[in-house]
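Dumped data.cif below, it's mmCIF, C-alpha atoms and all ligand atoms:
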```cif
data_target
loop_
_atom_site.label_atom_id
_atom_site.label_comp_id
_atom_site.auth_asym_id
_atom_site.auth_seq_id
_atom_site.Cartn_x
_atom_site.Cartn_y
_atom_site.Cartn_z
CA MET D 11 0.00 0.00 0.00
CA GLY D 12 0.98 3.51 -0.74
CA ILE D 13 4.24 4.81 -2.02
CA LEU D 14 5.02 8.09 -0.52
CA CYS D 15 5.18 11.16 -2.59
CA CYS D 16 7.07 14.15 -2.14
CA PHE D 17 6.32 17.71 -3.04
CA GLN D 18 5.76 20.52 -0.64
CA SER D 19 3.04 22.87 -1.70
CA HIS D 20 3.59 26.57 -1.81
CA ALA D 21 7.29 26.92 -2.12
CA GLY D 22 7.03 30.01 0.05
CA GLY D 23 9.39 32.92 0.11
CA GLY D 24 9.16 36.13 -1.79
CA GLY D 25 9.06 39.66 -0.68
CA GLY D 26 5.64 40.39 0.71
CA HIS D 27 3.75 43.58 1.07
CA GLY D 28 4.38 45.97 3.85
CA GLN D 29 1.53 47.23 5.95
CA ASP D 30 1.70 50.64 4.44
CA VAL D 31 -0.73 53.51 4.60
CA PRO D 32 -3.97 52.64 2.85
CA SER D 33 -4.35 53.96 -0.62
CA SER D 34 -7.66 55.34 -1.65
CA SER D 35 -7.47 54.28 -5.26
CA ALA D 36 -10.23 51.98 -6.43
CA ALA D 37 -9.33 48.37 -7.09
CA SER D 38 -11.28 48.13 -10.31
CA PRO D 39 -9.09 49.11 -13.19
CA SER D 40 -10.25 51.72 -15.58
CA SER D 41 -9.44 49.49 -18.55
CA ALA D 42 -12.13 47.05 -17.57
CA THR D 43 -12.66 45.67 -21.02
CA SER D 44 -9.17 45.64 -22.46
CA TRP D 45 -8.44 41.98 -21.96
CA SER D 46 -11.72 40.82 -23.37
CA GLY D 47 -10.88 42.94 -26.37
CA HIS D 48 -7.73 40.98 -27.21
CA LYS D 49 -8.26 40.04 -30.82
CA ASP D 50 -5.89 37.11 -30.83
CA ARG D 51 -7.35 35.38 -27.80
CA PRO D 52 -10.95 36.39 -27.23
CA LEU D 53 -12.66 35.42 -24.02
CA PRO D 54 -14.72 32.26 -24.28
CA GLU D 55 -18.32 32.71 -25.22
CA ARG D 56 -20.33 33.37 -22.12
CA ASN D 57 -23.68 32.63 -20.72
CA ASN D 58 -25.45 35.97 -20.72
CA SER D 59 -27.06 35.34 -17.37
CA VAL D 60 -23.65 35.40 -15.71
CA ASP D 61 -22.23 38.76 -14.80
CA TYR D 62 -18.52 38.55 -15.50
CA SER D 63 -17.63 42.22 -15.36
CA ASN D 64 -15.84 41.91 -12.02
CA LEU D 65 -13.82 38.99 -13.24
CA VAL D 66 -12.89 40.60 -16.51
CA ALA D 67 -11.72 43.57 -14.46
CA LEU D 68 -9.73 41.25 -12.23
CA VAL D 69 -8.06 39.49 -15.13
CA ASN D 70 -7.28 42.84 -16.71
CA GLU D 71 -5.72 44.06 -13.54
CA ILE D 72 -3.49 41.05 -13.20
CA VAL D 73 -2.61 39.96 -16.69
CA GLY D 74 -4.21 42.48 -19.00
CA ASP D 75 -1.10 44.43 -19.76
CA SER D 76 1.44 41.83 -18.78
CA VAL D 77 3.18 39.48 -21.11
CA SER D 78 2.03 36.35 -19.36
CA TYR D 79 0.33 34.39 -22.09
CA ARG D 80 0.10 31.40 -19.74
CA HIS D 81 -1.88 33.39 -17.19
CA LYS D 82 -4.29 34.44 -19.89
CA ARG D 83 -4.74 30.84 -20.96
CA VAL D 84 -5.38 29.79 -17.39
CA ALA D 85 -7.98 32.55 -17.05
CA GLU D 86 -9.66 31.53 -20.29
CA GLU D 87 -9.83 27.92 -19.21
CA ILE D 88 -11.45 28.79 -15.92
CA LEU D 89 -13.87 31.28 -17.37
CA LYS D 90 -15.35 28.46 -19.43
CA MET D 91 -17.14 27.52 -16.23
CA GLY D 92 -20.10 29.58 -17.23
CA LYS D 93 -22.80 27.67 -15.43
CA ALA D 94 -22.48 29.37 -12.12
CA GLY D 95 -24.96 31.97 -10.99
CA LYS D 96 -24.22 35.65 -10.73
CA VAL D 97 -20.65 36.40 -9.73
CA THR D 98 -20.90 38.03 -6.35
CA ALA D 99 -17.20 38.43 -5.55
CA ARG D 100 -16.32 42.09 -5.72
CA ALA D 101 -13.24 44.27 -5.83
CA PHE D 102 -12.18 45.78 -2.49
CA THR D 103 -9.83 48.69 -2.03
CA TYR D 104 -6.81 48.33 0.21
CA ALA D 105 -8.30 51.06 2.42
CA GLU D 106 -11.47 48.99 2.95
CA LEU D 107 -9.51 45.92 3.99
CA PHE D 108 -7.15 47.96 6.15
CA GLU D 109 -10.21 49.27 7.96
CA ALA D 110 -11.86 45.86 8.16
CA THR D 111 -8.85 44.19 9.80
CA GLY D 112 -8.00 47.04 12.14
CA GLY D 113 -4.90 47.86 10.11
CA PHE D 114 -3.79 44.22 9.70
CA ARG D 115 -2.86 44.25 13.35
CA PRO D 116 -1.10 41.18 14.77
CA GLU D 117 -4.06 40.40 17.08
CA SER D 118 -6.20 39.86 13.98
CA LEU D 119 -3.82 37.27 12.55
CA LEU D 120 -5.60 33.94 12.07
CA GLY D 121 -2.58 32.10 10.78
CA GLU D 122 -0.10 31.99 7.98
CA GLY D 123 0.25 29.52 5.14
CA GLY D 124 2.44 29.37 2.08
CA PHE D 125 0.37 32.07 0.38
CA GLY D 126 0.84 34.61 3.15
CA PRO D 127 -0.83 35.81 6.37
CA VAL D 128 -4.58 35.53 6.94
CA TYR D 129 -6.34 38.19 9.05
CA ARG D 130 -9.73 38.23 10.68
CA GLY D 131 -11.86 41.29 10.03
CA ARG D 132 -15.33 42.71 9.74
CA LEU D 133 -16.85 44.60 6.85
CA PRO D 134 -19.11 47.59 7.45
CA PRO D 135 -21.47 48.34 9.03
CA LYS D 136 -19.30 48.33 12.15
CA SER D 137 -20.03 45.53 14.61
CA THR D 138 -22.87 44.09 12.52
CA GLY D 139 -21.24 43.61 9.12
CA PRO D 140 -20.11 40.15 7.98
CA GLU D 141 -16.96 38.69 9.46
CA VAL D 142 -14.25 37.98 6.93
CA ALA D 143 -10.85 36.34 6.57
CA VAL D 144 -8.43 38.39 4.48
CA LYS D 145 -5.55 36.50 2.89
CA GLN D 146 -2.59 38.55 1.74
CA LEU D 147 -0.44 37.25 -1.06
CA ASP D 148 3.03 37.36 0.34
CA ARG D 149 4.88 36.17 -2.68
CA ASN D 150 6.17 37.75 -5.78
CA GLY D 151 6.65 36.04 -9.07
CA MET D 152 4.73 34.06 -11.59
CA GLN D 153 3.59 31.19 -9.36
CA GLY D 154 2.10 33.49 -6.74
CA THR D 155 0.27 35.47 -9.39
CA ARG D 156 -1.04 32.33 -10.99
CA GLU D 157 -2.35 30.98 -7.70
CA PHE D 158 -4.01 34.28 -6.89
CA LEU D 159 -5.69 34.39 -10.26
CA VAL D 160 -6.79 30.75 -10.19
CA GLU D 161 -8.17 31.03 -6.67
CA ALA D 162 -10.05 34.26 -7.38
CA LEU D 163 -11.56 33.02 -10.65
CA MET D 164 -12.36 29.50 -9.50
CA LEU D 165 -14.05 30.57 -6.31
CA SER D 166 -15.96 33.32 -8.08
CA LEU D 167 -17.46 30.79 -10.45
CA LEU D 168 -17.87 27.74 -8.25
CA LYS D 169 -20.63 27.81 -5.66
CA HIS D 170 -21.47 25.03 -3.26
CA PRO D 171 -22.28 24.70 0.44
CA HIS D 172 -19.07 22.72 0.91
CA LEU D 173 -16.74 25.27 -0.70
CA VAL D 174 -15.64 28.38 1.14
CA THR D 175 -17.28 31.56 -0.17
CA LEU D 176 -15.07 34.18 -1.75
CA LEU D 177 -16.50 37.62 -1.06
CA GLY D 178 -13.97 39.47 -3.13
CA PHE D 179 -10.41 40.37 -3.92
CA CYS D 180 -8.10 43.34 -3.81
CA THR D 181 -5.72 44.24 -6.60
CA ASP D 182 -5.21 47.80 -5.44
CA ALA D 183 -1.77 49.00 -6.56
CA ASP D 184 0.62 46.08 -5.85
CA HIS D 185 -1.63 44.47 -3.26
CA ARG D 186 -3.06 41.02 -3.89
CA MET D 187 -5.61 39.92 -1.32
CA LEU D 188 -8.53 37.53 -1.16
CA VAL D 189 -11.53 38.10 1.08
CA TYR D 190 -13.43 35.05 2.32
CA GLU D 191 -16.38 34.44 4.53
CA TYR D 192 -14.97 33.87 8.02
CA MET D 193 -15.10 30.25 9.17
CA PRO D 194 -15.66 30.35 12.92
CA LEU D 195 -14.32 26.89 13.72
CA GLY D 196 -11.02 27.21 11.85
CA SER D 197 -9.65 24.21 9.99
CA LEU D 198 -9.98 20.46 10.43
CA GLU D 199 -6.29 20.44 11.26
CA ASP D 200 -6.98 22.67 14.29
CA HIS D 201 -9.52 20.19 15.67
CA LEU D 202 -7.85 16.95 14.74
CA LEU D 203 -4.11 17.33 14.62
CA ASP D 204 -3.26 20.53 16.45
CA LEU D 205 -5.45 20.17 19.51
CA PRO D 206 -4.60 22.80 22.08
CA PRO D 207 -4.68 21.56 25.68
CA GLY D 208 -8.21 21.41 27.02
CA ARG D 209 -9.98 21.26 23.65
CA ALA D 210 -12.27 18.24 23.36
CA PRO D 211 -11.41 15.88 20.50
CA LEU D 212 -13.94 15.55 17.70
CA GLU D 213 -16.54 12.86 18.29
CA TRP D 214 -16.82 10.01 15.84
CA ALA D 215 -20.10 11.19 14.31
CA THR D 216 -18.69 14.69 13.80
CA ARG D 217 -15.62 13.23 12.10
CA MET D 218 -17.78 11.26 9.69
CA ARG D 219 -19.87 14.32 8.98
CA VAL D 220 -16.78 16.42 8.22
CA ALA D 221 -15.48 13.68 5.90
CA GLN D 222 -18.81 13.52 4.15
CA GLY D 223 -19.01 17.28 3.68
CA ALA D 224 -15.50 17.43 2.28
CA ALA D 225 -16.29 14.53 -0.08
CA ARG D 226 -19.39 16.36 -1.26
CA GLY D 227 -17.28 19.41 -2.01
CA LEU D 228 -14.98 17.23 -4.14
CA GLU D 229 -17.96 15.57 -5.78
CA TYR D 230 -19.23 18.97 -6.86
CA LEU D 231 -15.83 19.82 -8.35
CA HIS D 232 -15.48 16.49 -10.18
CA ASP D 233 -19.04 15.82 -11.29
CA THR D 234 -21.03 19.05 -11.36
CA ALA D 235 -18.53 21.74 -12.31
CA GLN D 236 -18.27 22.01 -16.06
CA PRO D 237 -15.49 21.52 -17.09
CA PRO D 238 -14.56 19.41 -14.07
CA VAL D 239 -12.05 20.72 -11.59
CA ILE D 240 -9.24 18.74 -9.96
CA TYR D 241 -8.60 20.26 -6.56
CA ARG D 242 -5.01 19.04 -6.10
CA ASP D 243 -4.44 20.26 -2.55
CA PHE D 244 -6.87 18.24 -0.44
CA LYS D 245 -5.53 18.22 3.12
CA ALA D 246 -6.72 18.83 6.67
CA SER D 247 -5.60 22.48 6.81
CA ASN D 248 -7.59 23.27 3.67
CA ILE D 249 -10.84 21.90 5.06
CA LEU D 250 -12.37 24.83 6.94
CA LEU D 251 -15.21 24.37 9.38
CA ASP D 252 -18.36 26.41 9.44
CA THR D 253 -20.86 26.42 12.31
CA GLY D 254 -22.07 22.90 13.03
CA PHE D 255 -18.78 21.50 11.66
CA ARG D 256 -19.87 21.93 8.07
CA ALA D 257 -16.78 21.22 5.96
CA ARG D 258 -15.87 23.89 3.39
CA LEU D 259 -12.98 23.37 0.98
CA SER D 260 -10.60 26.31 0.67
CA ASP D 261 -7.39 27.12 -1.21
CA PHE D 262 -8.03 26.69 -4.89
CA GLY D 263 -4.74 28.18 -6.01
CA LEU D 264 -3.47 24.80 -7.21
CA ALA D 265 -6.76 23.60 -8.68
CA LYS D 266 -6.77 22.58 -12.34
CA VAL D 267 -9.51 22.51 -14.89
CA GLY D 268 -9.77 18.81 -15.63
CA PRO D 269 -9.30 16.86 -18.84
CA SER D 270 -11.72 17.59 -21.64
CA GLY D 271 -12.94 15.53 -24.59
CA ASP D 272 -11.41 12.06 -24.82
CA LYS D 273 -8.49 12.93 -22.58
CA THR D 274 -8.28 11.07 -19.28
CA HIS D 275 -5.69 13.23 -17.56
CA VAL D 276 -3.98 16.59 -17.59
CA SER D 277 -0.20 16.67 -17.54
CA THR D 278 1.19 19.15 -15.11
CA ARG D 279 4.11 20.00 -12.90
CA VAL D 280 3.75 18.02 -9.69
CA MET D 281 2.42 20.28 -6.96
CA GLY D 282 0.60 19.43 -3.79
CA THR D 283 1.59 18.56 -0.29
CA TYR D 284 4.01 15.90 0.86
CA GLY D 285 2.11 12.94 2.28
CA TYR D 286 -1.16 13.65 0.49
CA CYS D 287 -0.46 13.32 -3.21
CA ALA D 288 -1.19 10.20 -5.22
CA PRO D 289 1.81 8.02 -6.14
CA GLU D 290 1.09 7.95 -9.89
CA TYR D 291 0.77 11.73 -9.97
CA ALA D 292 4.01 12.19 -8.05
CA LEU D 293 5.79 9.85 -10.44
CA THR D 294 4.38 10.92 -13.79
CA GLY D 295 2.73 14.33 -13.35
CA LYS D 296 -0.45 12.85 -14.85
CA LEU D 297 -3.28 14.38 -12.91
CA THR D 298 -6.78 12.89 -12.77
CA THR D 299 -9.73 13.21 -10.44
CA MET D 300 -8.43 9.97 -8.90
CA SER D 301 -5.47 11.92 -7.52
CA ASP D 302 -7.97 13.86 -5.39
CA VAL D 303 -9.61 10.59 -4.32
CA TYR D 304 -6.24 9.37 -3.07
CA SER D 305 -5.71 12.60 -1.10
CA PHE D 306 -9.20 12.19 0.31
CA GLY D 307 -8.15 8.70 1.48
CA VAL D 308 -5.15 10.18 3.31
CA VAL D 309 -7.28 12.84 5.04
CA PHE D 310 -9.94 10.28 5.91
CA LEU D 311 -7.23 8.14 7.48
CA GLU D 312 -6.11 11.18 9.48
CA ILE D 313 -9.70 11.68 10.60
CA ILE D 314 -9.99 8.07 11.75
CA THR D 315 -6.58 7.78 13.37
CA GLY D 316 -5.89 11.32 14.58
CA ARG D 317 -2.41 10.91 13.08
CA ARG D 318 -0.75 13.28 10.62
CA ALA D 319 -0.09 12.16 7.04
CA ILE D 320 3.57 12.79 7.78
CA ASP D 321 4.74 13.00 11.36
CA THR D 322 8.46 13.03 11.90
CA THR D 323 8.03 13.32 15.67
CA ARG D 324 6.96 9.65 15.77
CA PRO D 325 9.31 6.64 15.51
CA PRO D 326 10.69 6.25 11.96
CA ASP D 327 8.38 3.35 11.03
CA GLN D 328 5.41 5.58 11.84
CA HIS D 329 6.46 8.72 9.96
CA ASN D 330 4.27 8.00 6.97
CA LEU D 331 0.64 7.35 7.87
CA VAL D 332 -0.25 5.40 4.72
CA LEU D 333 2.76 3.08 5.13
CA TRP D 334 1.93 2.64 8.81
CA ALA D 335 -1.67 1.75 7.96
CA GLY D 336 -0.77 -0.72 5.16
CA PRO D 337 -0.27 -3.90 7.23
CA ARG D 338 -3.10 -2.97 9.58
CA PHE D 339 -5.59 -2.66 6.72
CA LYS D 340 -4.92 -6.33 5.91
CA ASN D 341 -5.75 -7.63 9.34
CA LYS D 342 -9.21 -7.05 10.74
CA ARG D 343 -8.00 -7.80 14.26
CA ARG D 344 -5.74 -4.76 14.04
CA PHE D 345 -8.46 -2.33 12.99
CA ALA D 346 -9.03 -1.10 16.54
CA GLU D 347 -5.33 -0.09 16.69
CA MET D 348 -6.10 2.45 14.00
CA ALA D 349 -8.86 4.33 15.81
CA ASP D 350 -7.73 7.62 17.32
CA PRO D 351 -6.85 6.94 20.99
CA MET D 352 -8.46 10.32 21.80
CA LEU D 353 -11.82 8.71 21.03
CA GLN D 354 -11.24 6.44 24.02
CA GLY D 355 -13.13 3.64 22.31
CA ASP D 356 -16.23 5.76 21.77
CA TYR D 357 -17.04 4.75 18.19
CA PRO D 358 -19.23 2.12 16.55
CA THR D 359 -17.12 -0.92 15.66
CA LYS D 360 -18.98 -1.50 12.41
CA GLY D 361 -18.62 2.16 11.53
CA LEU D 362 -14.86 1.99 12.12
CA HIS D 363 -14.55 -1.06 9.87
CA GLN D 364 -16.53 0.54 7.10
CA ALA D 365 -14.63 3.80 7.37
CA LEU D 366 -11.32 1.92 7.12
CA ALA D 367 -12.61 0.01 4.09
CA ILE D 368 -13.44 3.30 2.35
CA ALA D 369 -10.02 4.76 3.22
CA ALA D 370 -8.24 1.63 1.93
CA MET D 371 -10.14 1.77 -1.37
CA CYS D 372 -9.27 5.42 -1.90
CA LEU D 373 -5.60 4.67 -1.17
CA GLN D 374 -5.18 1.90 -3.74
CA GLU D 375 -1.97 2.36 -5.64
CA ASP D 376 -3.67 1.53 -8.91
CA ALA D 377 -5.66 4.71 -9.57
CA THR D 378 -8.17 2.85 -11.75
CA MET D 379 -9.15 0.70 -8.76
CA ARG D 380 -10.10 3.69 -6.61
CA PRO D 381 -13.78 4.59 -6.31
CA ALA D 382 -15.19 7.74 -7.88
CA ILE D 383 -15.78 10.42 -5.27
CA SER D 384 -19.54 10.09 -5.84
CA ASP D 385 -19.27 6.46 -4.64
CA VAL D 386 -17.36 7.66 -1.61
CA VAL D 387 -20.13 10.17 -0.88
CA THR D 388 -22.72 7.39 -1.10
CA ALA D 389 -20.72 5.13 1.19
CA LEU D 390 -20.24 7.94 3.70
CA GLU D 391 -23.92 8.73 3.54
CA TYR D 392 -24.59 5.25 4.81
CA LEU D 393 -21.91 5.62 7.45
CA THR D 394 -23.18 8.93 8.80
CA VAL D 395 -26.79 7.78 8.85
CA ALA D 396 -26.58 4.09 9.68
CA GLY D 397 -23.14 3.25 10.96
CA GLY D 398 -21.67 6.41 12.43
CA GLY D 399 -24.23 7.34 15.01
CA GLY D 400 -22.36 6.00 18.00
CA GLY D 401 -21.81 8.64 20.63
CA GLY D 402 -22.01 11.88 18.65
CA THR D 403 -24.24 14.90 18.52
CA ASP D 404 -26.56 14.89 15.58
CA ILE D 405 -25.62 18.24 14.16
CA ASP D 406 -28.51 18.31 11.73
CA ASP D 407 -30.90 18.32 14.65
CA GLU D 408 -29.31 21.55 15.82
CA GLN D 409 -29.08 23.17 12.44
CA GLY D 410 -32.54 22.67 11.04
CA PRO D 411 -32.92 21.61 7.41
CA ASP D 412 -29.72 20.44 5.76
CA PRO D 413 -28.49 23.17 3.38
CA ASP D 414 -27.09 20.40 1.15
CA GLU D 415 -30.64 19.42 0.34
CA GLN D 416 -31.26 23.03 -0.58
CA GLN D 417 -28.21 23.06 -2.83
CA GLN D 418 -29.45 19.99 -4.61
CA THR D 419 -32.58 21.90 -5.49
CA ASP D 420 -30.56 24.93 -6.59
CA ASP D 421 -28.33 22.77 -8.77
CA ASP D 422 -31.36 21.13 -10.32
CA ALA D 423 -32.85 24.52 -11.02
CA GLN D 424 -29.71 25.62 -12.84
CA ALA D 425 -29.31 22.46 -14.86
N1 LIG D 501 -12.01 31.76 5.65
C1 LIG D 501 -11.32 31.52 6.75
N2 LIG D 501 -11.90 31.61 7.98
C2 LIG D 501 -11.19 31.35 9.10
N3 LIG D 501 -9.91 30.98 9.11
C3 LIG D 501 -9.26 30.88 7.93
C4 LIG D 501 -9.94 31.15 6.69
N4 LIG D 501 -9.03 30.95 5.69
C5 LIG D 501 -7.88 30.58 6.27
N5 LIG D 501 -8.01 30.54 7.61
C6 LIG D 501 -6.97 30.17 8.58
O1 LIG D 501 -5.78 30.85 8.25
C7 LIG D 501 -4.66 30.00 8.42
C8 LIG D 501 -3.78 30.03 7.20
O2 LIG D 501 -4.48 29.47 6.10
P1 LIG D 501 -3.79 29.20 4.71
O3 LIG D 501 -4.79 28.55 3.84
O4 LIG D 501 -3.15 30.44 4.22
O5 LIG D 501 -2.61 28.21 5.07
P2 LIG D 501 -2.59 26.65 5.37
O6 LIG D 501 -3.80 26.00 4.79
O7 LIG D 501 -2.34 26.48 6.83
O8 LIG D 501 -1.33 26.17 4.58
P3 LIG D 501 -1.15 26.09 3.01
O9 LIG D 501 -0.57 27.38 2.57
O10 LIG D 501 -0.23 24.95 2.83
O11 LIG D 501 -2.52 25.87 2.40
C9 LIG D 501 -5.17 28.62 8.76
O12 LIG D 501 -5.01 28.43 10.13
C10 LIG D 501 -6.64 28.67 8.45
O13 LIG D 501 -7.37 27.91 9.35
MG MG D 502 -4.82 26.47 3.25
#
```

Since I need it in another form, could you write the structure as structure tokens?
Ligand SMILES: Nc1ncnc2c1ncn2[C@@H]1O[C@H](COP(=O)(O)OP(=O)(O)OP(=O)(O)O)[C@@H](O)[C@H]1O
Ligand SMILES: [Mg+2]
Amino acid sequence: MGILCCFQSHAGGGGGHGQDVPSSSAASPSSATSWSGHKDRPLPERNNSVDYSNLVALVNEIVGDSVSYRHKRVAEEILKMGKAGKVTARAFTYAELFEATGGFRPESLLGEGGFGPVYRGRLPPKSTGPEVAVKQLDRNGMQGTREFLVEALMLSLLKHPHLVTLLGFCTDADHRMLVYEYMPLGSLEDHLLDLPPGRAPLEWATRMRVAQGAARGLEYLHDTAQPPVIYRDFKASNILLDTGFRARLSDFGLAKVGPSGDKTHVSTRVMGTYGYCAPEYALTGKLTTMSDVYSFGVVFLEIITGRRAIDTTRPPDQHNLVLWAGPRFKNKRRFAEMADPMLQGDYPTKGLHQALAIAAMCLQEDATMRPAISDVVTALEYLTVAGGGGGGTDIDDEQGPDPDEQQQTDDDAQA
């Protein structure tokens, strides 16, 4: 089982923007139609019901006058996703975001990833406006720009209850920022792998629900988005948690528009995160939706075991979670060894066995043997309803009607 693969996401580095005095210039460029006017590479034909003006402005701002043909191609590819509803992401000025985050003060810092720091803030009206997370691009260069563009365009066009909502972006002067809906419970990593002292571990039923929500997010990307999207960076820190532990996928900077026509894969530079990426992708650069299914398997194994995909603080034979799990998957008597000790045995035995079976299928080395994510969703459905109910709060009871049901209706309406 499982060869390990090997590429750290977000190579980091780069200059970064200072916290300078806010500029009052508007983020929207004045040349809002220049890119769409390129004669050699016109924008793809668009569904008239979709308002793209913000996005055209964004693309103009970032690549309109630059020489980056590749960025333009990336933008074109993504803008083919014309099925989404009205684009609600809007351009923010630096001054607005400066105000919202209290001047990007250290106390507002939520964390820092490879992209740059993320600040908590609130949009007007003061004290009642929506809470936001503002991510500052802290890197110069082509890769940072590409990720910014991909994330902004993808999240503007993709809408689903299990994807984080992008409220807008800032391209004021040299600033590159993304503004998201604030996720009050942080990331799955915070609750599963980085537990501060005193925080209760996630109950089994909550774990299954988070896994199911994340799988539904992937299912939307693979099966509903048109063209399909390969997420490429599925990991615990990118699964944010809304109220009621609703999983919301974030960080689309590495996402790829999937293969079209008869093609079964896209060839690409290997990017992703060490410990999560599929062996065939790491070896060949051939990316398919099955690469995401493998990464899902790794995260699901983290959810079950409470162990990190890669943990060099453990003894050497336990550094790599998938390799550690391999022999245990083959022996039913060892299944209980794999349950997170923090659960203190409070899980349904049948549910554990089924969850491990799903994880093992997703982690098959032969990508063609892995289940489609829609099958995983179905299996998890069964597990959350029938087999996962041991000892957890039924979140749906607290939340009222399941918004996923609502989304189903919305999707149907759009189809
Ligand atoms: N919308 C949000 N609401 C609340 N917290 C957020 C939001 N977006 C990001 N965060 C928090 O900000 C921190 C940094 O996130 P970021 O995505 O930049 O990095 P990461 O996921 O930790 O690492 P990587 O760069 O490898 O993806 C994380 O702790 C994350 O939980
Ligand atoms: Mg992240």

Give the residue list for ligand LIG 501 (chain D) at 8 Å, counting all atoms listed in the file, as an MDAnalysis selection string, sorted by chain and then by residue number.
chainID D and resid 19:20 119:130 142:145 174:175 189:200 243 246:248 250 260:261 283

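Residue nearest ligand MG 502 (chain D), chosen from D:Lys245, D:Arg156, D:Arg186, D:His81 and counting all atoms listed in the file: D:Lys245.
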
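The space separating CA of Glu312 in chain D from CA of Leu202 in chain D comes to 8.0 Å.
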
Let me make sure I understand: among D:Arg242, D:Arg343, D:Arg324, D:Lys360, which one has the smallest atom-to-atom distance to ligand MG 502 (chain D) if we use all atoms listed in the file?
D:Arg242

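Interatomic distance, CA of Ala370 in chain D against CA of Pro238 in chain D: 24.7 Å.
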
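Distances here use only C-alpha atoms and all ligand atoms; by that measure, the residue among D:Met300, D:Ala225, D:Ile249, D:Leu177 closest to ligand MG 502 (chain D) is D:Ile249.
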
Where is the centre and how long are the edges: axis-aligned box on range 173-178 of chain D, 3 Å on each side, Å to one decimal, as lines of an AutoDock Vina configuration file:
```
center_x = -15.6
center_y = 32.4
center_z = -1.0
size_x = 9.3
size_y = 20.2
size_z = 10.3
```

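In this model, the gap between CA of Met371 in chain D and CA of Pro171 in chain D comes to 26.0 Å.
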
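Excluding Ser384 in chain D itself and same-chain residues fewer than 4 positions from it, the residues having an atom within 9 Å of it are Ala225, Arg226, Leu228, Glu229, Tyr230, His232, Asp233, Thr388 and Ala389 of chain D, counting all atoms listed in the file.
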
Which residue of D:Leu167, D:Leu331, D:Cys180, D:Ala221 approaches Ala257 in chain D most closely, using all atoms listed in the file
D:Ala221

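Candidate residues D:Gly263, D:Pro134, D:Gly139, D:Lys82 were compared for distance to ligand MG 502 (chain D), and the nearest is D:Gly263, using all atoms listed in the file.
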
Shell around Glu157 in chain D at 7 Å using only C-alpha atoms, local window under 3 positions removed, as a ChimeraX atom specification
/D:153-154,160-161,263-264

Mind dumping the selected residues with C-alpha atoms as a compact mmCIF listing (two decimals), in the coordinates of the input?
```
# COMPACT_ATOMS: atom_id res chain seq x y z
CA GLN D 153 3.59 31.19 -9.36
CA GLY D 154 2.10 33.49 -6.74
CA VAL D 160 -6.79 30.75 -10.19
CA GLU D 161 -8.17 31.03 -6.67
CA GLY D 263 -4.74 28.18 -6.01
CA LEU D 264 -3.47 24.80 -7.21
```

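Residues surrounding Leu163 in chain D within 8 Å are Leu65, Ala85, Ile88, Leu89, Leu159 and Leu167 of chain D [all atoms listed in the file; sequence separation below 4 positions excluded].
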
Which is closer to ligand MG 502 (chain D) than all the others in D:Arg258, D:Gly208, D:Thr274, D:Arg115, using all atoms listed in the file?
D:Arg258

Give me the residues within 9 Å of Pro237 in chain D as JSON, numbers by chain, counting all atoms listed in the file and dropping any in the same chain fewer than 5 places off.
{"D": [87, 88, 90, 91, 231, 232, 267, 268, 269, 270]}
